[in-house]
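The next block is coords.txt, given as compact mmCIF, C-alpha atoms and all ligand atoms.
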# COMPACT_ATOMS: atom_id res chain seq x y z
CA MET A 1 -39.32 109.73 -26.21
CA ARG A 2 -36.21 110.04 -28.25
CA LEU A 3 -37.96 111.01 -31.50
CA ASN A 4 -39.99 113.79 -29.89
CA SER A 5 -36.84 115.28 -28.39
CA THR A 6 -35.13 115.18 -31.75
CA TRP A 7 -38.08 116.93 -33.35
CA LYS A 8 -38.15 119.67 -30.60
CA ASN A 9 -34.43 120.29 -30.91
CA ARG A 10 -34.23 120.42 -34.65
CA THR A 11 -37.47 122.11 -35.60
CA PRO A 12 -37.77 126.01 -35.58
CA LYS A 13 -40.97 127.55 -34.15
CA SER A 14 -41.67 129.45 -37.39
CA VAL A 15 -42.32 126.48 -39.48
CA THR A 16 -45.02 126.74 -42.05
CA ARG A 17 -48.18 124.89 -41.84
CA GLY A 18 -47.10 122.78 -44.77
CA ARG A 19 -43.75 122.09 -43.24
CA VAL A 20 -45.36 121.20 -40.02
CA ALA A 21 -47.55 118.97 -42.00
CA VAL A 22 -44.50 117.57 -43.76
CA VAL A 23 -42.56 117.33 -40.55
CA THR A 24 -45.56 115.95 -38.86
CA GLY A 25 -45.78 113.53 -41.69
CA GLY A 26 -42.10 112.76 -41.22
CA VAL A 27 -42.55 112.47 -37.48
CA VAL A 28 -45.44 110.23 -38.00
CA ALA A 29 -43.26 108.27 -40.35
CA ALA A 30 -40.40 108.46 -37.90
CA ILE A 31 -42.66 107.50 -35.06
CA ALA A 32 -43.85 104.70 -37.16
CA LEU A 33 -40.27 103.73 -37.93
CA GLY A 34 -39.17 104.48 -34.35
CA SER A 35 -41.94 102.43 -32.99
CA THR A 36 -40.78 99.65 -35.16
CA ALA A 37 -37.20 100.30 -34.11
CA ALA A 38 -38.14 100.60 -30.48
CA PHE A 39 -40.09 97.46 -30.79
CA ALA A 40 -37.08 95.83 -32.39
CA ALA A 41 -34.54 97.37 -30.00
CA ASP A 42 -36.42 96.80 -26.79
CA GLY A 43 -37.15 93.39 -28.08
CA GLY A 44 -39.61 91.12 -26.52
CA HIS A 45 -38.92 92.43 -23.01
CA HIS A 46 -41.60 95.00 -22.82
CA HIS A 47 -44.12 93.06 -24.77
CA ASP A 48 -43.15 89.80 -23.15
CA GLY A 49 -43.61 91.31 -19.76
CA ALA A 50 -46.93 92.83 -20.57
CA PHE A 51 -48.09 89.68 -22.25
CA ALA A 52 -46.65 86.90 -20.08
CA ASP A 53 -46.77 87.71 -16.38
CA ARG A 54 -50.21 86.30 -15.80
CA PRO A 55 -50.76 83.83 -18.68
CA ALA A 56 -47.33 82.13 -18.29
CA SER A 57 -47.91 81.16 -14.67
CA SER A 58 -51.47 80.22 -15.50
CA VAL A 59 -50.41 77.96 -18.37
CA SER A 60 -47.65 76.48 -16.26
CA ALA A 61 -50.08 75.79 -13.44
CA ALA A 62 -52.58 74.33 -15.86
CA VAL A 63 -49.89 72.14 -17.43
CA GLN A 64 -48.67 71.11 -14.02
CA HIS A 65 -52.22 70.46 -12.88
CA GLN A 66 -52.89 68.44 -15.98
CA ALA A 67 -49.68 66.46 -15.49
CA THR A 68 -50.57 65.82 -11.87
CA ALA A 69 -54.07 64.77 -12.86
CA GLN A 70 -52.71 62.49 -15.58
CA LYS A 71 -50.23 61.01 -13.17
CA ALA A 72 -52.96 60.48 -10.58
CA ALA A 73 -55.21 58.95 -13.23
CA ALA A 74 -52.39 56.68 -14.35
CA THR A 75 -51.68 55.65 -10.76
CA LYS A 76 -55.36 55.02 -10.18
CA ALA A 77 -55.62 53.00 -13.38
CA GLU A 78 -52.55 50.98 -12.39
CA ALA A 79 -54.02 50.36 -8.97
CA ALA A 80 -57.32 49.33 -10.52
CA ALA A 81 -55.52 47.03 -12.96
CA ALA A 82 -53.47 45.52 -10.13
CA LYS A 83 -56.62 45.05 -8.08
CA ALA A 84 -58.41 43.44 -11.02
CA LYS A 85 -55.45 41.16 -11.64
CA ALA A 86 -55.30 40.19 -7.96
CA SER A 87 -59.03 39.56 -8.00
CA HIS A 88 -58.70 37.44 -11.13
CA LEU A 89 -55.83 35.46 -9.62
CA ALA A 90 -57.82 34.93 -6.43
CA ALA A 91 -60.80 33.72 -8.47
CA GLU A 92 -58.55 31.34 -10.41
CA ARG A 93 -57.04 30.12 -7.16
CA HIS A 94 -60.49 29.52 -5.68
CA ALA A 95 -61.59 27.73 -8.84
CA ALA A 96 -58.47 25.56 -8.74
CA GLN A 97 -59.09 24.78 -5.07
CA ALA A 98 -62.72 23.89 -5.85
CA ARG A 99 -61.56 21.61 -8.67
CA GLN A 100 -59.05 19.95 -6.37
CA ALA A 101 -61.69 19.53 -3.67
CA ALA A 102 -64.08 17.99 -6.19
CA VAL A 103 -61.38 15.60 -7.41
CA ALA A 104 -60.49 14.69 -3.82
CA ALA A 105 -64.16 14.14 -2.95
CA LYS A 106 -64.65 11.96 -6.02
CA ARG A 107 -61.52 9.99 -5.18
CA ALA A 108 -62.68 9.59 -1.57
CA ALA A 109 -66.10 8.44 -2.75
CA GLU A 110 -64.52 5.95 -5.14
CA GLN A 111 -62.20 4.71 -2.40
CA ALA A 112 -65.15 4.39 0.01
CA LYS A 113 -67.09 2.50 -2.65
CA GLU A 114 -64.12 0.23 -3.35
CA LYS A 115 -63.63 -0.28 0.37
CA ALA A 116 -67.32 -1.12 0.83
CA ALA A 117 -67.19 -3.50 -2.15
CA ALA A 118 -64.04 -5.12 -0.77
CA LYS A 119 -65.68 -5.45 2.64
CA ALA A 120 -68.82 -6.93 1.08
CA ALA A 121 -66.69 -9.40 -0.87
CA ALA A 122 -64.71 -10.30 2.26
CA ASP A 123 -67.94 -10.63 4.26
CA LEU A 124 -69.45 -12.86 1.58
CA LYS A 125 -66.31 -14.98 1.45
CA ALA A 126 -66.36 -15.31 5.24
CA ARG A 127 -70.07 -16.12 5.19
CA ILE A 128 -69.61 -18.78 2.52
CA ALA A 129 -66.87 -20.39 4.60
CA SER A 130 -68.82 -20.19 7.87
CA TRP A 131 -71.45 -22.36 9.49
CA GLU A 132 -74.74 -21.25 11.07
CA THR A 133 -77.59 -22.70 13.08
CA PRO A 134 -80.35 -23.84 10.67
CA THR A 135 -82.80 -21.29 12.07
CA ALA A 136 -82.35 -18.03 13.92
CA HIS A 137 -84.77 -18.07 16.88
CA TYR A 138 -85.48 -21.41 18.52
CA VAL A 139 -85.54 -23.50 21.62
CA LEU A 140 -83.44 -26.67 21.62
CA GLY A 141 -85.71 -29.71 21.70
CA ALA A 142 -84.94 -33.40 21.61
CA GLY A 143 -81.20 -33.93 21.38
CA TYR A 144 -79.04 -36.29 19.40
CA ASP A 145 -78.97 -39.98 20.31
CA GLN A 146 -81.93 -39.47 22.62
CA ALA A 147 -84.25 -42.48 22.91
CA GLY A 148 -87.95 -41.84 22.36
CA PRO A 149 -91.24 -43.37 21.28
CA HIS A 150 -91.26 -41.51 17.93
CA TRP A 151 -88.02 -42.93 16.57
CA ALA A 152 -87.38 -46.49 15.46
CA HIS A 153 -83.83 -46.08 16.73
CA LYS A 154 -82.20 -43.39 18.77
CA HIS A 155 -82.79 -39.78 17.66
CA SER A 156 -80.49 -39.15 14.69
CA GLY A 157 -80.50 -35.33 14.88
CA GLN A 158 -81.17 -32.23 16.94
CA ASP A 159 -84.63 -30.70 17.13
CA PHE A 160 -84.97 -26.91 16.98
CA VAL A 161 -88.40 -26.06 18.36
CA VAL A 162 -89.96 -23.24 16.33
CA ASN A 163 -93.42 -22.27 15.12
CA SER A 164 -94.57 -23.55 11.74
CA GLY A 165 -93.59 -21.19 8.95
CA THR A 166 -90.31 -20.15 10.56
CA THR A 167 -87.49 -19.45 8.10
CA VAL A 168 -85.08 -22.39 7.73
CA ARG A 169 -81.62 -21.56 6.40
CA ALA A 170 -78.68 -23.48 5.05
CA ALA A 171 -76.24 -24.24 7.88
CA HIS A 172 -73.39 -24.05 5.37
CA THR A 173 -72.62 -23.48 1.71
CA GLY A 174 -73.26 -26.44 -0.57
CA THR A 175 -75.40 -28.11 -3.18
CA VAL A 176 -78.95 -29.41 -2.68
CA VAL A 177 -78.89 -33.21 -3.17
CA GLU A 178 -82.37 -33.91 -1.86
CA ALA A 179 -85.47 -31.71 -1.87
CA GLY A 180 -88.83 -33.48 -1.39
CA TRP A 181 -90.68 -36.03 0.60
CA GLY A 182 -88.47 -38.03 2.96
CA GLY A 183 -90.90 -40.48 4.62
CA ALA A 184 -90.61 -40.11 8.43
CA TYR A 185 -88.77 -36.78 7.80
CA GLY A 186 -91.76 -35.38 5.91
CA ASN A 187 -90.75 -32.62 3.48
CA ASN A 188 -86.97 -32.54 3.73
CA ILE A 189 -83.85 -31.05 2.23
CA VAL A 190 -80.34 -32.50 2.21
CA ILE A 191 -77.35 -30.32 1.30
CA LYS A 192 -73.93 -31.67 0.38
CA HIS A 193 -71.12 -29.45 1.63
CA ASP A 194 -67.67 -28.99 0.16
CA ASP A 195 -66.02 -30.73 3.13
CA HIS A 196 -68.08 -33.84 2.15
CA THR A 197 -70.42 -33.56 5.10
CA TYR A 198 -74.21 -33.35 4.68
CA SER A 199 -76.88 -31.42 6.54
CA GLN A 200 -80.54 -32.44 6.64
CA TYR A 201 -83.66 -30.33 7.41
CA GLY A 202 -86.86 -32.28 8.17
CA HIS A 203 -90.62 -31.82 8.77
CA LEU A 204 -90.75 -28.69 6.59
CA SER A 205 -94.03 -27.04 5.62
CA HIS A 206 -92.39 -25.54 2.53
CA ILE A 207 -89.36 -26.42 0.40
CA GLY A 208 -87.81 -23.37 -1.24
CA VAL A 209 -84.91 -24.90 -3.18
CA SER A 210 -84.52 -27.38 -6.03
CA LEU A 211 -82.35 -30.43 -6.50
CA GLY A 212 -78.87 -29.43 -7.65
CA GLU A 213 -79.24 -25.83 -6.49
CA ARG A 214 -76.20 -24.11 -5.04
CA VAL A 215 -76.86 -22.36 -1.73
CA ILE A 216 -74.69 -20.38 0.67
CA THR A 217 -74.55 -20.22 4.45
CA GLY A 218 -77.61 -18.52 5.92
CA GLN A 219 -79.62 -18.61 2.70
CA THR A 220 -83.31 -19.36 3.22
CA ILE A 221 -84.13 -22.84 1.91
CA GLY A 222 -87.65 -23.40 3.28
CA LEU A 223 -90.12 -23.01 6.15
CA SER A 224 -90.48 -25.13 9.24
CA GLY A 225 -93.51 -27.31 9.82
CA SER A 226 -94.62 -30.64 11.26
CA THR A 227 -94.79 -32.94 8.24
CA GLY A 228 -93.83 -36.63 8.43
CA ASN A 229 -93.31 -38.41 11.75
CA SER A 230 -93.74 -35.36 13.98
CA THR A 231 -95.83 -34.60 17.05
CA GLY A 232 -95.56 -30.83 16.71
CA PRO A 233 -93.92 -27.98 14.83
CA HIS A 234 -90.15 -28.17 14.90
CA LEU A 235 -87.13 -28.44 12.65
CA HIS A 236 -85.25 -31.73 12.67
CA PHE A 237 -81.61 -31.07 11.85
CA GLU A 238 -78.95 -33.66 11.10
CA ILE A 239 -75.29 -33.66 10.15
CA ARG A 240 -74.17 -36.74 8.24
CA THR A 241 -71.03 -38.08 6.66
CA THR A 242 -73.06 -39.52 3.72
CA PRO A 243 -76.39 -38.54 2.13
CA TYR A 244 -78.05 -41.44 3.90
CA TYR A 245 -79.69 -42.16 7.18
CA GLY A 246 -77.40 -43.92 9.58
CA SER A 247 -74.30 -41.78 9.00
CA SER A 248 -75.22 -38.98 11.40
CA VAL A 249 -72.91 -37.26 13.90
CA GLU A 250 -73.75 -35.13 16.95
CA PRO A 251 -74.90 -31.87 15.26
CA LEU A 252 -74.38 -29.45 18.17
CA HIS A 253 -70.82 -30.73 18.69
CA PHE A 254 -70.24 -30.41 14.99
CA LEU A 255 -71.58 -26.84 14.88
CA ARG A 256 -69.49 -25.83 17.89
CA ALA A 257 -66.42 -27.31 16.22
CA HIS A 258 -67.22 -24.98 13.29
CA GLY A 259 -67.47 -21.77 15.27
CA VAL A 260 -71.20 -21.83 16.00
CA ASN A 261 -72.67 -21.55 19.50
CA PRO A 262 -76.19 -23.02 19.30
ZN ZN B 301 -85.84 -34.66 15.29
Kindly return the structure encoded in the file as structure tokens.
Amino acid sequence: MRLNSTWKNRTPKSVTRGRVAVVTGGVVAAIALGSTAAFAADGGHHHDGAFADRPASSVSAAVQHQATAQKAAATKAEAAAAKAKASHLAAERHAAQARQAAVAAKRAAEQAKEKAAAKAAADLKARIASWETPTAHYVLGAGYDQAGPHWAHKHSGQDFVVNSGTTVRAAHTGTVVEAGWGGAYGNNIVIKHDDHTYSQYGHLSHIGVSLGERVITGQTIGLSGSTGNSTGPHLHFEIRTTPYYGSSVEPLHFLRAHGVNP
């Protein structure tokens, strides 16, 4: 140490106790000053070194570690946010697709309903315009113009042999102009059609329509029977050009001419 050397060189061996004490005091003071000076002169080097070697690297590592951890956390958070956003977008997409599918299904159902309604309307229109046999299941009996003991003149219609109580239907759309007792025809119905022809249904056991009633092709108008001048259950069917007896035409020919195959 510089101060010790200075003291050795400058101080005689025969110093008094008090001097020593003084010197010592001065040395102490000098040491104190020197220490301060040395501290100042050597600067932070010594102390820095002693102080920093370990803690500096440790702090740096800790800071670096913290930075890395923060960066990793930020990356993770970004990834989570991106994933959440993607998930949200996918959910919205699915919801939109579901809405579109529901709209399409509703539209399809409406179109199917409209189509069915249009078909029903077309079918009804076609039915109204069409002709039919006056009963569904039958055996053809006595034909038109046939001579027989039961008729005053030749047979004015076509007989459809069926059991009593069989459904009788309008051969074509029209208006009921007769519904009641018809003498030799028994209970009978006459319908006036829009083409100014008439159809007649005789020997009925039941009349199911009223005078003036509008009926359409195939509509049930009564039940077959054997009333009037009849020897057994059957439906007497006539086509006429007027409401009256005597204006009949061949009914099977007429039906065939109107698209029916009796
Ligand atoms: Zn007959």
Closest contacts (chain A/ligand ZN 301 (chain B), max 8 Å, all atoms listed in the file) as a Markdown table:
| residue | atom | partner | partner_atom | distance |
| --- | --- | --- | --- | --- |
| A:Ala142 | CA | B:ZN301 | ZN | 6.5 |
| A:Gly143 | CA | B:ZN301 | ZN | 7.7 |
| A:His155 | CA | B:ZN301 | ZN | 6.4 |
| A:Ser156 | CA | B:ZN301 | ZN | 7.0 |
| A:Gly157 | CA | B:ZN301 | ZN | 5.4 |
| A:Gln158 | CA | B:ZN301 | ZN | 5.5 |
| A:Asp159 | CA | B:ZN301 | ZN | 4.5 |
| A:Phe160 | CA | B:ZN301 | ZN | 8.0 |
| A:Gly202 | CA | B:ZN301 | ZN | 7.6 |
| A:His234 | CA | B:ZN301 | ZN | 7.8 |
| A:Leu235 | CA | B:ZN301 | ZN | 6.9 |
| A:His236 | CA | B:ZN301 | ZN | 4.0 |
| A:Phe237 | CA | B:ZN301 | ZN | 6.5 |
Would you save the residues from that selection as a PDB file, keeping the file's coordinate frame, using C-alpha atoms?
ATOM      1  CA  ALA A 142     -84.940 -33.400  21.610  1.00  0.00           C
ATOM      2  CA  GLY A 143     -81.200 -33.930  21.380  1.00  0.00           C
ATOM      3  CA  HIS A 155     -82.790 -39.780  17.660  1.00  0.00           C
ATOM      4  CA  SER A 156     -80.490 -39.150  14.690  1.00  0.00           C
ATOM      5  CA  GLY A 157     -80.500 -35.330  14.880  1.00  0.00           C
ATOM      6  CA  GLN A 158     -81.170 -32.230  16.940  1.00  0.00           C
ATOM      7  CA  ASP A 159     -84.630 -30.700  17.130  1.00  0.00           C
ATOM      8  CA  PHE A 160     -84.970 -26.910  16.980  1.00  0.00           C
ATOM      9  CA  GLY A 202     -86.860 -32.280   8.170  1.00  0.00           C
ATOM     10  CA  HIS A 234     -90.150 -28.170  14.900  1.00  0.00           C
ATOM     11  CA  LEU A 235     -87.130 -28.440  12.650  1.00  0.00           C
ATOM     12  CA  HIS A 236     -85.250 -31.730  12.670  1.00  0.00           C
ATOM     13  CA  PHE A 237     -81.610 -31.070  11.850  1.00  0.00           C
TER      14      PHE A 237
END
Minimum-distance residue to Tyr144 in chain A, chosen among A:Ser226, A:Ser210, A:Thr217, A:Ser248 (using only C-alpha atoms) =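 Answer, going by the shortest atom-to-atom distance: A:Ser248.
Rounded to one decimal, CA of Gly148 in chain A and CA of Asn229 in chain A lie 12.4 Å from each other.
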Could I get the residues of range 165-210 of chain A with an atom no further than 9 Å from an atom of range 133-136 of chain A, each paired with its nearest atom pair and that distance in Å to one decimal, using all atoms listed in the file, sorted by chain and residue number, as a Markdown table?
| residue | atom | partner | partner_atom | distance |
| --- | --- | --- | --- | --- |
| A:Thr166 | CA | A:Thr135 | CA | 7.7 |
| A:Thr167 | CA | A:Thr135 | CA | 6.4 |
| A:Val168 | CA | A:Thr135 | CA | 5.0 |
| A:Arg169 | CA | A:Pro134 | CA | 5.0 |
| A:Ala170 | CA | A:Pro134 | CA | 5.9 |
| A:Ala171 | CA | A:Pro134 | CA | 5.0 |
| A:His172 | CA | A:Pro134 | CA | 8.8 |
| A:Tyr201 | CA | A:Pro134 | CA | 8.0 |
Protein/DNA/RNA residues near (-71.0, -30.4, 18.1), cut 12 Å, only C-alpha atoms, as an MDAnalysis selection string | chainID A and resid 131 133 143:144 157:158 238:239 248:262
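With all atoms listed in the file as the basis for measurement, A:Ser224 is the residue among A:Thr241, A:Ser224, A:Ser247, A:Ser87 that approaches Val162 in chain A most closely.
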Atomic separation - CA of Lys125 in chain A relative to CA of His206 in chain A, Å =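 So the two atoms, CA of His206 in chain A and CA of Lys125 in chain A, lie 28.2 Å apart.
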Axis-aligned box over every listed atom of range 175-181 of chain A, padded by 5 Å per side: centre and edges in Å to one decimal, as lines of an AutoDock Vina configuration file?
center_x = -83.0
center_y = -32.1
center_z = -1.3
size_x = 25.3
size_y = 17.9
size_z = 13.8
Mind pulling up the distance from CA of Asp123 in chain A to CA of Glu178 in chain A?
->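 About the pair CA of Glu178 in chain A and CA of Asp123 in chain A: they are 28.1 Å apart.
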